[in-house]
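Here is the structure we will look at.
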Amino acid sequence: MTVMKKILTTVAVAATLMGTAAQAETTRIALVVKALGIGFFEAANKGAEEAAKELGDVEIIYTGPTDTTAEGQIEVINSLIAQGVDAIAISANDPDAVAPALQKAMDRGITVISWDSGVAKEGRMMHLNPSSSALIGNTIIKLAADHLPDGGDVAVLSATATSTNQNTWIEEMKKVMGNYPKVNLVATVYGDDLADKSYREAQGLMATYPNLKAIIAPTTVGILAASQAVTDAGKIGQINVTGLGLPSEMAGAVESGATVSFAIWNPIDLGYAATMLSYNIAKGAKAEPGASIPMGRMGEATLDENGEAAMSDPFTYDKSNIEQFKSIF
Amino acid sequence: MSSTDRYIPDRLQSPLQRRLKSWETLLLAVAVAIFTFNAFASPYFLNAWNLSDATFNFTEKAMIAFAMALLIIAGEIDLSVASIVALASTAMGAAAQVGASPATLVMIGLTVGVICGAFNGLLVTAMGLPSIVVTIGTMSLFRGISYIVLGDTSYGGYPAGFKFFGQGYVWWVFSFELALFAVLAILFGVLLHLTNFGRAVYAVGNNPVAALFSGIRVNRVKFILFLLTGLMAGVASVCLTSRLGSTRPSIGFGMELEVVTMVVLGGVNILGGSGTIPGVVIAAFVMGLVTFGLGLLNVPGIVMSILIGALLIGVIALPRLWGMWRG
């Protein structure tokens with residue numbers, strides 16, 4: 001009898017395996033994320049579903065491992081290959097480790113693109129960056145200038161003096177400073193991405209430059225610390241803190257007015273664009289250097305010589321949308 | 001079964017073995033059932049290459065599970081295996097940066113595994129500490145070293161010849177890992193079931209004091225088992241590292257739980273004293289088939305973990321509940 005009981009349990013478990021059968025001629029696009037249960041990726045899935053609805057004949061398979069490990073993603077990729085999905089759009093835990101599995105997928109005719117966190121060149125057809133250095137540099141100065149119709153002094157609070165990302169963005173920003181003749185960059189200081197040091201550097205800026213109108217912090221640590229420093233100094237309304245931040249952390253500063261607006265990539269748009277690109281490449285668009293591939297409402301992605309493309313300007317967050325996004329990431 | 005049934009010691013195995021046999025038969029039936037259902041549930045399941053890919057889900061874990069089975073039968077446990085995998089992989093990665101050959105890399109991986117196993121073994125046998133506590137400690141220690149060395153960076157650039165261990169095929173769809181899994185299954189099966197050492201492992205697990213008085217060097221047996229477990233973690237690390245072609249400190253995270261699950265599902269008594277290698281082999285296939293089958297149906301990983309957990313608890317609890325119900 002005990003055997004009987006065990007077999008019955010097994011049958012019950014196995015029966016759950018029988019759930020779905022093969023589907024008709026829909027295009028199946030797998031959105032593979034670093035790990036399930038992360039707000040950022042759940043939001044990307046929302047965007048992917050939006051794209052699927054727009055395209056009509058698309059089924060989104062939102063999947064990923066439970067831990068952010070490369071081997072977990074490989075297991076997922078193997079099962080997607082086995083199912084013969086039409087496309088895989090992945091945000092990789094390790095650019096090299098998943099490449100062999102993805103190459104195998106491409107060998108079997110599956111469209112493979114990476115987004116957010118890229119895959120080594122040989123393991124994907126293209127990579128979609130959320131933005132580009134030039135677009136970010138342009139956005140951060142524009143965010144400050146938009147609220148300074150009469151111009152004024154602005155300062156940059158960066159991460160460390162050797163941070164490659166931040167330095168590139170600041171360089172790009174300086175290139176377009178000419179478009180904002182009345183905006184005057186007075187200083188660039190470094191908070192080393194430490195909350196307390198960034199806070200003191202922001203205080204120092206306010207003391208040194210009494211006419212300071214805006215602090216631009218292209219780092220999530222810096223922007224948070226600077227908005228706190230401005231709030232504590234009672235200079236809300238005088239000095240606007242802007243830059244790149246996370247909606248969940250910046251909600252308070254936006255409500256108090258210390259930060260009018262800030263930017264970061266929008267995960268919903270990213271999931272949407274990745275799905276559109278996967279679909280179009282699976283349907284025959286060529287992913288080669290120089291090619292332009294449409295991505296629905298996000299415009300077109302133009303591939304550079306490494307097969308990489310930038311999606312758009314970073315998305316701007318302000319009072320109108322912070323409530324919606326602060327719970328996402 | 002009447003109370004007049006009394007077994008003289010050398011026949012004690014007879015009914016026990018029968019029970020174990022039925023366990024393995026049952027597991028085999030489960031495996032066949034899952035296989036059949038998978039074949040019906042998904043049109044993609046019955047494909048030699050897909051099945052071959054699916055074996056990677058369990059081969060590395062099963063290699064460790066063989067040694068872990070012996071260790072658990074002997075009444076000890078090693079929860080640091082996944083961290084040994086990470087540390088061995090980190091050592092191989094560091095060596096690869098200075099241009100070590102594939103053979104050297106393998107030696108380094110295995111050596112680190114053995115050293116870690118020896119460290120665990122010494123703490124348990126020489127100092128008499130409980131293995132579960134020791135290996136929870138070394139679980140953090142070994143992986144901690146990897147995190148200190150690597151931080152959020154990674155090692156890559158392994159030599160081309162090193163790829164074979166995790167990505168190579170011996171013949172047709174049979175990967176090197178699958179072949180190694182088969183060879184190790186036979187070796188461990190022979191070691192446990194056909195040698196004096198294997199008998200000693202059972203004796204130690206059933207009653208260490210009686211084993212000691214029977215002339216078995218209990219601590220030596222345990223120490224060797226920790227060494228073996230470390231060595232197998234090293235072997236798994238070589239395979240996994242070769243398969244991934246890169247090392248991050250998170251490599252193999254959470255593997256120890258799946259290894260222990262495999263061993264217990266295979267019918268090894270978690271309290272020691274009984275269990276077989278064939279049981280573990282079948283359990284490896286069962287787990288591989290379940291995860292692959294669920295993966296084909298795109299069951300999210302979190303739900304998969306829940307199902308595996310439920311399977312494990314069910315398998316352990318059902319016989320006991322059955323016994324209680326029968327009085």
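All residue names refer to the structure tokens as shown: chains lettered A, B, ... in order, residues numbered from 1 in each chain, ligands numbered from 1 in order.
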For B:Gly230: contacts at 8 Å, only C-alpha atoms, fewer than 4 positions along chain excluded, given as a list in words: Val81, Ile84, Gly113, Val114, Ile115, Cys116, Gly117, Ala118, Phe226 and Gly234 of chain B
Chain B near chain A within 7 Å: what's each residue's closest atom pair and its distance in Å to one decimal, counting only C-alpha atoms, ordered by chain then ascending residue number, as a Markdown table?
```
| residue | atom | partner | partner_atom | distance |
| --- | --- | --- | --- | --- |
| B:Val30 | CA | A:Thr10 | CA | 6.4 |
| B:Ile34 | CA | A:Ala14 | CA | 5.8 |
| B:Phe37 | CA | A:Ala14 | CA | 6.2 |
| B:Asn38 | CA | A:Leu17 | CA | 6.7 |
| B:Ala41 | CA | A:Met18 | CA | 4.2 |
| B:Ser42 | CA | A:Ala21 | CA | 6.3 |
| B:Pro43 | CA | A:Ala22 | CA | 6.9 |
| B:Tyr44 | CA | A:Gln83 | CA | 5.4 |
| B:Asn50 | CA | A:Ala82 | CA | 5.3 |
| B:Asp53 | CA | A:Asn78 | CA | 6.4 |
| B:Asn57 | CA | A:Glu75 | CA | 6.5 |
| B:Leu244 | CA | A:Ala97 | CA | 4.3 |
| B:Gly245 | CA | A:Ala97 | CA | 5.5 |
| B:Ser246 | CA | A:Ala97 | CA | 5.6 |
| B:Ser250 | CA | A:Thr69 | CA | 6.4 |
| B:Ile251 | CA | A:Thr69 | CA | 6.5 |
| B:Phe292 | CA | A:Ser79 | CA | 6.6 |
| B:Gly293 | CA | A:Leu17 | CA | 6.9 |
| B:Leu294 | CA | A:Leu17 | CA | 6.3 |
| B:Gly295 | CA | A:Ser79 | CA | 5.6 |
| B:Leu296 | CA | A:Ser79 | CA | 5.3 |
| B:Leu297 | CA | A:Thr20 | CA | 6.9 |
| B:Pro300 | CA | A:Thr63 | CA | 6.2 |
| B:Gly301 | CA | A:Pro65 | CA | 5.5 |
| B:Ile302 | CA | A:Thr66 | CA | 5.9 |
| B:Trp322 | CA | A:Thr2 | CA | 6.8 |
```
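Ranking B:Gly314, B:Ser80, B:Ile277, B:Ser237 by their shortest atom-to-atom distance to B:Met107, with only C-alpha atoms included, puts B:Ser237 first.
Of the listed residues (A:Thr220, A:Met126, A:Ala120, A:Leu102), A:Met126 comes nearest to A:Gly290; the distances count only C-alpha atoms.
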All residues 6 Å or closer to A:Trp115, only C-alpha atoms, same chain fewer than 2 positions away omitted, as a list of chain:residue names: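 So, after excluding close chain neighbours, the residues are A:Ser91, A:Ser117, A:Gly118, A:His127, A:Leu128.
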Residue with smallest distance to B:Gly275 - pool B:Asn206, B:Thr195, B:Thr241, B:Thr247, counting only C-alpha atoms: B:Asn206
Distance query stretch 131-133 of chain A at most 8 Å, only C-alpha atoms, self and fewer than 5 positions along chain excluded, as an MDAnalysis selection string: chainID A and resid 165 168:169 172 265 310:314
Shell of 9 Å around stretch 280-287 of chain B, only C-alpha atoms, local chain residues under 3 positions omitted, as a PyMOL selection string: chain B and resi 24+27-28+30-32+34-35+55+57-59+61-62+65-66+69+182+185+258-259+261-268+275-277+290-292+308
Straight-line distance linking atom CA of A:Gly152 with atom CA of A:Met250, stated in Å to one decimal: 24.1 Å
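Look at A:Phe40: the protein and nucleic acid residues within 8 Å of it, using only C-alpha atoms and passing over chain neighbours fewer than 4 places away, are Ala44, Pro267, Ile328 and Phe329 of chain A.
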Selected residue of minimal separation from A:Thr242 among A:Asn306, A:Thr316, A:Thr160, A:Asn167, counting only C-alpha atoms: A:Thr316
For A:Gly234: contacts at 12 Å, only C-alpha atoms, fewer than 4 positions along chain excluded, given as a count of residues only: 12
